[in-house]
file run_10.txt (compact mmCIF, C-alpha atoms and all ligand atoms)
# COMPACT_ATOMS: atom_id res chain seq x y z
CA MET A 1 113.54 -5.82 -10.01
CA MET A 2 114.20 -8.52 -7.44
CA ALA A 3 113.33 -11.98 -8.72
CA GLY A 4 110.48 -13.71 -6.92
CA TYR A 5 110.80 -16.80 -4.74
CA GLN A 6 111.75 -19.99 -6.52
CA HIS A 7 111.70 -22.60 -3.80
CA ILE A 8 109.43 -22.29 -0.77
CA LEU A 9 109.77 -24.65 2.19
CA LEU A 10 106.61 -25.22 4.22
CA THR A 11 107.33 -26.65 7.67
CA THR A 12 104.64 -28.43 9.60
CA ASP A 13 104.19 -30.02 13.00
CA PHE A 14 100.62 -31.11 12.07
CA SER A 15 99.14 -28.95 14.82
CA LYS A 16 95.62 -27.62 14.49
CA CYS A 17 96.51 -24.37 12.74
CA SER A 18 98.79 -26.01 10.20
CA GLN A 19 96.15 -25.83 7.44
CA GLN A 20 96.17 -22.06 7.69
CA VAL A 21 99.96 -21.95 7.42
CA ALA A 22 99.88 -24.42 4.53
CA GLN A 23 97.32 -22.37 2.61
CA ARG A 24 99.49 -19.27 2.84
CA ALA A 25 102.51 -21.20 1.54
CA ARG A 26 100.47 -22.73 -1.29
CA ASP A 27 99.14 -19.30 -2.32
CA LEU A 28 102.64 -17.79 -2.35
CA ALA A 29 104.04 -20.69 -4.39
CA ASN A 30 101.25 -20.24 -6.92
CA LEU A 31 101.82 -16.50 -7.05
CA TYR A 32 105.55 -16.86 -7.70
CA HIS A 33 105.31 -20.08 -9.75
CA ALA A 34 107.71 -21.45 -7.16
CA ARG A 35 108.46 -25.01 -6.21
CA LEU A 36 106.79 -25.90 -2.89
CA SER A 37 108.39 -28.44 -0.55
CA LEU A 38 106.98 -29.81 2.69
CA LEU A 39 109.05 -30.78 5.74
CA HIS A 40 108.17 -32.46 9.01
CA VAL A 41 110.72 -33.27 11.68
CA VAL A 42 110.11 -36.10 14.11
CA ASP A 43 111.34 -34.44 17.27
CA ASN A 44 113.51 -36.86 19.23
CA LEU A 45 114.05 -34.46 22.13
CA PRO A 46 111.04 -35.30 24.32
CA ILE A 47 112.59 -38.69 24.90
CA ALA A 48 115.94 -37.13 25.85
CA ASP A 49 114.12 -34.69 28.15
CA SER A 50 112.13 -37.43 29.80
CA VAL A 51 111.27 -37.13 33.48
CA TYR A 52 112.70 -40.63 33.82
CA GLY A 53 116.17 -39.18 33.37
CA PRO A 54 118.67 -39.63 30.59
CA VAL A 55 116.86 -42.17 28.47
CA ILE A 56 118.77 -43.04 25.31
CA PRO A 57 117.53 -40.25 23.02
CA PHE A 58 117.32 -42.45 19.98
CA ASP A 59 115.24 -45.52 20.76
CA VAL A 60 115.06 -47.28 17.42
CA ASP A 61 111.69 -49.01 17.89
CA ILE A 62 109.85 -45.93 19.10
CA THR A 63 111.44 -43.77 16.46
CA ASP A 64 110.50 -46.25 13.72
CA GLN A 65 106.86 -46.11 14.77
CA LEU A 66 106.81 -42.34 15.00
CA VAL A 67 108.46 -42.06 11.60
CA GLU A 68 105.94 -44.44 10.04
CA THR A 69 102.97 -42.48 11.43
CA ALA A 70 104.54 -39.16 10.49
CA ARG A 71 105.21 -40.39 6.95
CA LYS A 72 101.51 -41.15 6.44
CA ARG A 73 100.43 -37.76 7.75
CA LEU A 74 103.03 -36.03 5.64
CA ARG A 75 101.89 -37.85 2.51
CA ALA A 76 98.23 -37.01 3.20
CA MET A 77 99.00 -33.34 3.72
CA ALA A 78 101.26 -33.22 0.65
CA ASP A 79 98.53 -34.83 -1.46
CA GLU A 80 96.07 -32.14 -0.39
CA LEU A 81 98.55 -29.46 -1.38
CA GLY A 82 99.57 -31.13 -4.64
CA ILE A 83 103.17 -31.60 -3.51
CA PRO A 84 104.93 -34.52 -5.26
CA SER A 85 106.89 -37.13 -3.28
CA ASP A 86 110.30 -35.76 -4.29
CA SER A 87 109.35 -32.52 -2.51
CA GLN A 88 108.32 -34.18 0.76
CA SER A 89 110.95 -34.50 3.50
CA LEU A 90 110.79 -36.32 6.78
CA GLU A 91 113.70 -35.95 9.17
CA VAL A 92 114.42 -37.08 12.72
CA GLY A 93 116.12 -34.73 15.14
CA SER A 94 115.77 -31.19 16.37
CA PRO A 95 113.08 -29.35 14.36
CA GLN A 96 114.93 -26.04 14.28
CA LEU A 97 118.26 -27.56 13.21
CA GLU A 98 116.70 -29.79 10.58
CA ILE A 99 114.59 -26.95 9.13
CA ILE A 100 117.73 -24.81 8.72
CA ARG A 101 119.77 -27.70 7.30
CA VAL A 102 117.14 -28.82 4.78
CA ALA A 103 116.55 -25.22 3.68
CA GLN A 104 120.25 -24.76 2.95
CA GLU A 105 120.70 -28.11 1.25
CA SER A 106 117.65 -27.65 -0.97
CA GLU A 107 118.45 -24.05 -1.86
CA VAL A 108 115.22 -22.79 -0.40
CA ASP A 109 114.68 -19.02 -0.60
CA LEU A 110 111.63 -18.76 1.68
CA ILE A 111 110.84 -20.80 4.78
CA VAL A 112 107.23 -20.70 5.99
CA VAL A 113 106.54 -21.46 9.65
CA GLY A 114 103.54 -20.92 11.88
CA SER A 115 104.09 -18.30 14.57
CA HIS A 116 103.05 -21.04 16.99
CA GLY A 117 102.85 -24.79 16.88
CA ARG A 118 102.24 -27.58 19.32
CA HIS A 119 103.88 -25.69 22.11
CA GLY A 120 100.96 -23.29 22.32
CA LEU A 121 100.49 -19.56 22.51
CA SER A 122 102.27 -18.84 25.77
CA LEU A 123 105.17 -17.14 23.97
CA LEU A 124 105.01 -14.17 21.63
CA LEU A 125 106.61 -16.37 19.02
CA GLY A 126 107.11 -20.13 19.29
CA SER A 127 110.60 -21.36 20.06
CA THR A 128 111.03 -23.18 16.75
CA ALA A 129 109.76 -20.18 14.80
CA ASN A 130 112.08 -17.92 16.79
CA ALA A 131 115.15 -20.11 16.21
CA VAL A 132 114.42 -20.39 12.48
CA LEU A 133 114.07 -16.61 12.21
CA HIS A 134 117.41 -16.18 13.97
CA HIS A 135 119.45 -18.74 12.06
CA ALA A 136 118.01 -18.94 8.54
CA LYS A 137 120.11 -17.53 5.71
CA CYS A 138 117.01 -16.91 3.58
CA ASP A 139 113.70 -15.11 4.13
CA VAL A 140 111.33 -16.52 6.73
CA LEU A 141 107.59 -16.00 6.85
CA ALA A 142 106.00 -16.58 10.25
CA VAL A 143 102.27 -16.90 9.60
CA ARG A 144 100.60 -15.21 12.54
CA LEU A 145 98.29 -17.57 14.38
CA LYS A 146 96.00 -16.03 16.97
CA ASP A 147 94.14 -17.42 19.94
CA ASP A 148 90.72 -17.25 18.40
CA GLU A 149 91.57 -19.08 15.19
P1 LIG A 201 106.79 -23.67 17.67
O1 LIG A 201 107.83 -22.59 17.59
O2 LIG A 201 107.36 -25.01 18.09
O3 LIG A 201 105.60 -23.26 18.46
O4 LIG A 201 106.30 -23.95 16.17
C1 LIG A 201 106.16 -22.92 15.24
C2 LIG A 201 106.21 -23.47 13.84
O5 LIG A 201 107.45 -24.14 13.61
C3 LIG A 201 105.15 -24.50 13.47
O6 LIG A 201 103.92 -23.87 13.10
C4 LIG A 201 105.80 -25.20 12.30
O7 LIG A 201 105.71 -24.39 11.13
C5 LIG A 201 107.27 -25.23 12.72
N1 LIG A 201 107.57 -26.47 13.43
C6 LIG A 201 107.55 -26.69 14.77
N2 LIG A 201 107.87 -27.96 15.04
C7 LIG A 201 108.10 -28.58 13.85
C8 LIG A 201 108.45 -29.92 13.45
N3 LIG A 201 108.63 -30.89 14.33
N4 LIG A 201 108.60 -30.18 12.13
C9 LIG A 201 108.42 -29.20 11.21
N5 LIG A 201 108.08 -27.93 11.52
C10 LIG A 201 107.92 -27.62 12.82
call {"tool": "encode", "arguments": {"input": "run_10.txt", "output": "structure tokens"}}
result
Amino acid sequence: MMAGYQHILLTTDFSKCSQQVAQRARDLANLYHARLSLLHVVDNLPIADSVYGPVIPFDVDITDQLVETARKRLRAMADELGIPSDSQSLEVGSPQLEIIRVAQESEVDLIVVGSHGRHGLSLLLGSTANAVLHHAKCDVLAVRLKDDE
């Protein structure tokens, strides 16, 4: 028989459906007695994509503030899920690249994403979710989020 999951990585962008995604990850971790880790990536691309042209993508002051705010939200969400601090990760960069990198480095065997995040329901599958599904070396669960939820 195939062994169950041992290390599940929950990714979150703190959007309104993230509780639903988190609950599914928590349930699976309980079911498999797996370690559950939580990752948020502070996306530095909006600054690079700014309508004001090629702004330096890594403004230290702005990034510091975003990271500080994100760290608090991450800690609050992790506390609710009973995830200890050594299983909480905060990265700065491209969400899809960082999710793949952290998953590989931490020997994750299941990545949990929402089918959609902050970028809304205009696509069949969000672009981060899509990229993670394409590039991950492990299983990926895209928790289906619908309009009416
Ligand atoms: P998207 O494809 O951007 O609509 O987002 C789909 C899912 O990808 C979200 O529900 C999250 O699970 C994950 N995700 C998106 N952005 C981030 C981020 N900045 N940090 C961590 N996970 C993210």
call {"tool": "atom_distance", "arguments": {"input": "run_10.txt", "atom1": "CA of Arg144 in chain A", "atom2": "CA of Leu9 in chain A"}}
result
16.7 Å
call {"tool": "closest_residue", "arguments": {"input": "run_10.txt", "among": "A:Glu68, A:Asp61, A:Asp86, A:Glu91", "to": "ligand LIG 201 (chain A)", "atoms": "only C-alpha atoms and all ligand atoms"}}
result
A:Glu91
call {"tool": "axis_aligned_box", "arguments": {"input": "run_10.txt", "around": "ligand LIG 201 (chain A)", "padding_each_side": "5 Å", "output": "AutoDock Vina command-line options"}}
result
--center_x 106.3 --center_y -26.7 --center_z 14.8 --size_x 14.7 --size_y 18.3 --size_z 17.3
call {"tool": "closest_atom_pairs", "arguments": {"input": "run_10.txt", "of": "chain A", "to": "ligand LIG 201 (chain A)", "cutoff": "9 Å", "atoms": "all atoms listed in the file", "output": "JSON lines"}}
result
{"residue": "A:Leu10", "atom": "CA", "partner": "A:LIG201", "partner_atom": "O7", "distance": 7.0}
{"residue": "A:Thr11", "atom": "CA", "partner": "A:LIG201", "partner_atom": "N5", "distance": 4.1}
{"residue": "A:Thr12", "atom": "CA", "partner": "A:LIG201", "partner_atom": "N5", "distance": 4.0}
{"residue": "A:Asp13", "atom": "CA", "partner": "A:LIG201", "partner_atom": "C7", "distance": 4.3}
{"residue": "A:Phe14", "atom": "CA", "partner": "A:LIG201", "partner_atom": "C4", "distance": 7.9}
{"residue": "A:Ser15", "atom": "CA", "partner": "A:LIG201", "partner_atom": "O6", "distance": 7.2}
{"residue": "A:Cys17", "atom": "CA", "partner": "A:LIG201", "partner_atom": "O6", "distance": 7.4}
{"residue": "A:Ser18", "atom": "CA", "partner": "A:LIG201", "partner_atom": "O6", "distance": 6.3}
{"residue": "A:Val21", "atom": "CA", "partner": "A:LIG201", "partner_atom": "O6", "distance": 7.2}
{"residue": "A:Ala22", "atom": "CA", "partner": "A:LIG201", "partner_atom": "O7", "distance": 8.8}
{"residue": "A:Leu38", "atom": "CA", "partner": "A:LIG201", "partner_atom": "C9", "distance": 8.7}
{"residue": "A:Leu39", "atom": "CA", "partner": "A:LIG201", "partner_atom": "C9", "distance": 5.7}
{"residue": "A:His40", "atom": "CA", "partner": "A:LIG201", "partner_atom": "N4", "distance": 3.9}
{"residue": "A:Val41", "atom": "CA", "partner": "A:LIG201", "partner_atom": "N4", "distance": 3.8}
{"residue": "A:Val42", "atom": "CA", "partner": "A:LIG201", "partner_atom": "N3", "distance": 5.4}
{"residue": "A:Asp43", "atom": "CA", "partner": "A:LIG201", "partner_atom": "N3", "distance": 5.3}
{"residue": "A:Leu90", "atom": "CA", "partner": "A:LIG201", "partner_atom": "N4", "distance": 8.4}
{"residue": "A:Glu91", "atom": "CA", "partner": "A:LIG201", "partner_atom": "N4", "distance": 8.3}
{"residue": "A:Val92", "atom": "CA", "partner": "A:LIG201", "partner_atom": "N3", "distance": 8.6}
{"residue": "A:Gly93", "atom": "CA", "partner": "A:LIG201", "partner_atom": "N3", "distance": 8.5}
{"residue": "A:Ser94", "atom": "CA", "partner": "A:LIG201", "partner_atom": "N3", "distance": 7.4}
{"residue": "A:Pro95", "atom": "CA", "partner": "A:LIG201", "partner_atom": "N3", "distance": 4.7}
{"residue": "A:Gln96", "atom": "CA", "partner": "A:LIG201", "partner_atom": "C7", "distance": 7.3}
{"residue": "A:Glu98", "atom": "CA", "partner": "A:LIG201", "partner_atom": "N4", "distance": 8.3}
{"residue": "A:Ile99", "atom": "CA", "partner": "A:LIG201", "partner_atom": "C9", "distance": 6.9}
{"residue": "A:Ile111", "atom": "CA", "partner": "A:LIG201", "partner_atom": "O7", "distance": 8.9}
{"residue": "A:Val112", "atom": "CA", "partner": "A:LIG201", "partner_atom": "O7", "distance": 6.5}
{"residue": "A:Val113", "atom": "CA", "partner": "A:LIG201", "partner_atom": "O7", "distance": 3.4}
{"residue": "A:Gly114", "atom": "CA", "partner": "A:LIG201", "partner_atom": "O6", "distance": 3.2}
{"residue": "A:Ser115", "atom": "CA", "partner": "A:LIG201", "partner_atom": "C1", "distance": 5.1}
{"residue": "A:His116", "atom": "CA", "partner": "A:LIG201", "partner_atom": "O3", "distance": 3.7}
{"residue": "A:Gly117", "atom": "CA", "partner": "A:LIG201", "partner_atom": "O3", "distance": 3.5}
{"residue": "A:Arg118", "atom": "CA", "partner": "A:LIG201", "partner_atom": "O3", "distance": 5.5}
{"residue": "A:His119", "atom": "CA", "partner": "A:LIG201", "partner_atom": "O3", "distance": 4.7}
{"residue": "A:Gly120", "atom": "CA", "partner": "A:LIG201", "partner_atom": "O3", "distance": 6.0}
{"residue": "A:Leu121", "atom": "CA", "partner": "A:LIG201", "partner_atom": "O3", "distance": 7.5}
{"residue": "A:Leu123", "atom": "CA", "partner": "A:LIG201", "partner_atom": "O3", "distance": 8.2}
{"residue": "A:Leu125", "atom": "CA", "partner": "A:LIG201", "partner_atom": "O1", "distance": 6.5}
{"residue": "A:Gly126", "atom": "CA", "partner": "A:LIG201", "partner_atom": "O1", "distance": 3.1}
{"residue": "A:Ser127", "atom": "CA", "partner": "A:LIG201", "partner_atom": "O1", "distance": 3.9}
{"residue": "A:Thr128", "atom": "CA", "partner": "A:LIG201", "partner_atom": "O1", "distance": 3.4}
{"residue": "A:Ala129", "atom": "CA", "partner": "A:LIG201", "partner_atom": "O1", "distance": 4.2}
{"residue": "A:Asn130", "atom": "CA", "partner": "A:LIG201", "partner_atom": "O1", "distance": 6.4}
{"residue": "A:Ala131", "atom": "CA", "partner": "A:LIG201", "partner_atom": "O1", "distance": 7.9}
{"residue": "A:Val132", "atom": "CA", "partner": "A:LIG201", "partner_atom": "O5", "distance": 8.0}
{"residue": "A:Ala142", "atom": "CA", "partner": "A:LIG201", "partner_atom": "C2", "distance": 7.8}
{"residue": "A:Val143", "atom": "CA", "partner": "A:LIG201", "partner_atom": "O6", "distance": 8.0}
{"residue": "A:Leu145", "atom": "CA", "partner": "A:LIG201", "partner_atom": "O6", "distance": 8.5}
call {"tool": "write_last_selection", "arguments": {"input": "run_10.txt", "atoms": "C-alpha atoms", "output": "tab-separated table (two decimals), in the coordinates of the input"}}
result
chain	number	residue	atom	x	y	z
A	10	LEU	CA	106.61	-25.22	4.22
A	11	THR	CA	107.33	-26.65	7.67
A	12	THR	CA	104.64	-28.43	9.60
A	13	ASP	CA	104.19	-30.02	13.00
A	14	PHE	CA	100.62	-31.11	12.07
A	15	SER	CA	99.14	-28.95	14.82
A	17	CYS	CA	96.51	-24.37	12.74
A	18	SER	CA	98.79	-26.01	10.20
A	21	VAL	CA	99.96	-21.95	7.42
A	22	ALA	CA	99.88	-24.42	4.53
A	38	LEU	CA	106.98	-29.81	2.69
A	39	LEU	CA	109.05	-30.78	5.74
A	40	HIS	CA	108.17	-32.46	9.01
A	41	VAL	CA	110.72	-33.27	11.68
A	42	VAL	CA	110.11	-36.10	14.11
A	43	ASP	CA	111.34	-34.44	17.27
A	90	LEU	CA	110.79	-36.32	6.78
A	91	GLU	CA	113.70	-35.95	9.17
A	92	VAL	CA	114.42	-37.08	12.72
A	93	GLY	CA	116.12	-34.73	15.14
A	94	SER	CA	115.77	-31.19	16.37
A	95	PRO	CA	113.08	-29.35	14.36
A	96	GLN	CA	114.93	-26.04	14.28
A	98	GLU	CA	116.70	-29.79	10.58
A	99	ILE	CA	114.59	-26.95	9.13
A	111	ILE	CA	110.84	-20.80	4.78
A	112	VAL	CA	107.23	-20.70	5.99
A	113	VAL	CA	106.54	-21.46	9.65
A	114	GLY	CA	103.54	-20.92	11.88
A	115	SER	CA	104.09	-18.30	14.57
A	116	HIS	CA	103.05	-21.04	16.99
A	117	GLY	CA	102.85	-24.79	16.88
A	118	ARG	CA	102.24	-27.58	19.32
A	119	HIS	CA	103.88	-25.69	22.11
A	120	GLY	CA	100.96	-23.29	22.32
A	121	LEU	CA	100.49	-19.56	22.51
A	123	LEU	CA	105.17	-17.14	23.97
A	125	LEU	CA	106.61	-16.37	19.02
A	126	GLY	CA	107.11	-20.13	19.29
A	127	SER	CA	110.60	-21.36	20.06
A	128	THR	CA	111.03	-23.18	16.75
A	129	ALA	CA	109.76	-20.18	14.80
A	130	ASN	CA	112.08	-17.92	16.79
A	131	ALA	CA	115.15	-20.11	16.21
A	132	VAL	CA	114.42	-20.39	12.48
A	142	ALA	CA	106.00	-16.58	10.25
A	143	VAL	CA	102.27	-16.90	9.60
A	145	LEU	CA	98.29	-17.57	14.38
call {"tool": "closest_residue", "arguments": {"input": "run_10.txt", "among": "A:Asn44, A:Gln88, A:Ile83, A:Gln23", "to": "Arg71 in chain A", "atoms": "only C-alpha atoms"}}
result
A:Gln88
call {"tool": "residues_around", "arguments": {"input": "run_10.txt", "residues": "Gly4 in chain A", "least_positions_apart": "5", "cutoff": "9 Å", "atoms": "all atoms listed in the file", "output": "PyMOL selection string"}}
result
chain A and resi 32-34
call {"tool": "closest_residue", "arguments": {"input": "run_10.txt", "among": "A:Ile62, A:Gln6, A:Asp27, A:Ser89", "to": "Leu74 in chain A", "atoms": "only C-alpha atoms"}}
result
A:Ser89
call {"tool": "closest_residue", "arguments": {"input": "run_10.txt", "among": "A:Val140, A:Leu36, A:Val67, A:Leu31", "to": "His7 in chain A", "atoms": "only C-alpha atoms"}}
result
A:Leu36
call {"tool": "closest_residue", "arguments": {"input": "run_10.txt", "among": "A:Arg101, A:Lys72, A:Arg35, A:Lys137", "to": "Pro84 in chain A", "atoms": "all atoms listed in the file"}}
result
A:Arg35
call {"tool": "closest_residue", "arguments": {"input": "run_10.txt", "among": "A:His135, A:Val102, A:Ala29, A:Leu97", "to": "Leu81 in chain A", "atoms": "all atoms listed in the file"}}
result
A:Ala29
call {"tool": "atom_distance", "arguments": {"input": "run_10.txt", "atom1": "CA of Ser37 in chain A", "atom2": "CA of Met77 in chain A"}}
result
11.4 Å
call {"tool": "atom_distance", "arguments": {"input": "run_10.txt", "atom1": "CA of Arg26 in chain A", "atom2": "CA of Leu133 in chain A"}}
result
20.1 Å
call {"tool": "decode", "arguments": {"input": "run_10.txt", "residues": "range 22-44 of chain A", "atoms": "N, CA, C and O atoms", "output": "short mmCIF file (atom, residue, chain, number, x, y, z; two decimals), in the first residue's frame"}}
result
data_model
loop_
_atom_site.label_atom_id
_atom_site.label_comp_id
_atom_site.auth_asym_id
_atom_site.auth_seq_id
_atom_site.Cartn_x
_atom_site.Cartn_y
_atom_site.Cartn_z
N ALA A 22 -7.64 26.23 4.07
CA ALA A 22 -6.89 25.86 5.28
C ALA A 22 -7.54 24.68 6.00
O ALA A 22 -6.86 23.76 6.46
N GLN A 23 -8.86 24.71 6.06
CA GLN A 23 -9.58 23.64 6.77
C GLN A 23 -9.37 22.29 6.08
O GLN A 23 -9.17 21.27 6.74
N ARG A 24 -9.35 22.31 4.77
CA ARG A 24 -9.13 21.08 4.02
C ARG A 24 -7.72 20.53 4.29
O ARG A 24 -7.52 19.33 4.49
N ALA A 25 -6.74 21.43 4.32
CA ALA A 25 -5.35 21.02 4.59
C ALA A 25 -5.22 20.48 6.01
O ALA A 25 -4.56 19.46 6.25
N ARG A 26 -5.87 21.16 6.95
CA ARG A 26 -5.81 20.72 8.36
C ARG A 26 -6.42 19.32 8.50
O ARG A 26 -5.87 18.45 9.17
N ASP A 27 -7.57 19.11 7.87
CA ASP A 27 -8.26 17.81 7.93
C ASP A 27 -7.37 16.70 7.36
O ASP A 27 -7.28 15.62 7.93
N LEU A 28 -6.73 16.98 6.22
CA LEU A 28 -5.88 15.97 5.59
C LEU A 28 -4.66 15.66 6.46
O LEU A 28 -4.27 14.50 6.59
N ALA A 29 -4.08 16.69 7.06
CA ALA A 29 -2.92 16.48 7.93
C ALA A 29 -3.32 15.62 9.13
O ALA A 29 -2.58 14.72 9.53
N ASN A 30 -4.50 15.89 9.67
CA ASN A 30 -4.97 15.07 10.80
C ASN A 30 -5.18 13.63 10.37
O ASN A 30 -4.77 12.70 11.07
N LEU A 31 -5.80 13.47 9.22
CA LEU A 31 -6.11 12.14 8.70
C LEU A 31 -4.84 11.30 8.51
O LEU A 31 -4.80 10.12 8.85
N TYR A 32 -3.80 11.93 7.97
CA TYR A 32 -2.56 11.22 7.67
C TYR A 32 -1.52 11.33 8.78
O TYR A 32 -0.41 10.84 8.62
N HIS A 33 -1.86 12.00 9.87
CA HIS A 33 -0.88 12.29 10.93
C HIS A 33 0.37 12.92 10.32
O HIS A 33 1.49 12.57 10.66
N ALA A 34 0.13 13.84 9.40
CA ALA A 34 1.23 14.49 8.67
C ALA A 34 1.60 15.80 9.34
O ALA A 34 0.79 16.42 10.03
N ARG A 35 2.83 16.20 9.09
CA ARG A 35 3.24 17.55 9.49
C ARG A 35 2.53 18.53 8.56
O ARG A 35 2.39 18.27 7.36
N LEU A 36 2.07 19.67 9.12
CA LEU A 36 1.43 20.70 8.30
C LEU A 36 2.25 21.98 8.39
O LEU A 36 2.52 22.47 9.49
N SER A 37 2.70 22.49 7.24
CA SER A 37 3.43 23.75 7.20
C SER A 37 2.59 24.79 6.46
O SER A 37 1.75 24.44 5.63
N LEU A 38 2.84 26.05 6.79
CA LEU A 38 2.08 27.15 6.19
C LEU A 38 3.05 28.12 5.54
O LEU A 38 4.06 28.50 6.14
N LEU A 39 2.73 28.51 4.30
CA LEU A 39 3.61 29.42 3.55
C LEU A 39 2.82 30.59 2.97
O LEU A 39 1.77 30.40 2.35
N HIS A 40 3.37 31.78 3.17
CA HIS A 40 2.86 32.95 2.45
C HIS A 40 4.04 33.61 1.74
O HIS A 40 5.13 33.72 2.31
N VAL A 41 3.80 34.07 0.53
CA VAL A 41 4.83 34.77 -0.23
C VAL A 41 4.41 36.22 -0.42
O VAL A 41 3.32 36.47 -0.94
N VAL A 42 5.26 37.13 0.02
CA VAL A 42 5.01 38.54 -0.25
C VAL A 42 5.44 38.78 -1.69
O VAL A 42 6.61 38.67 -2.04
N ASP A 43 4.43 39.04 -2.50
CA ASP A 43 4.64 39.13 -3.95
C ASP A 43 5.28 40.47 -4.28
O ASP A 43 4.67 41.52 -4.09
N ASN A 44 6.50 40.45 -4.79
CA ASN A 44 7.15 41.73 -5.11
C ASN A 44 6.92 42.17 -6.55
O ASN A 44 7.43 43.18 -6.99
#
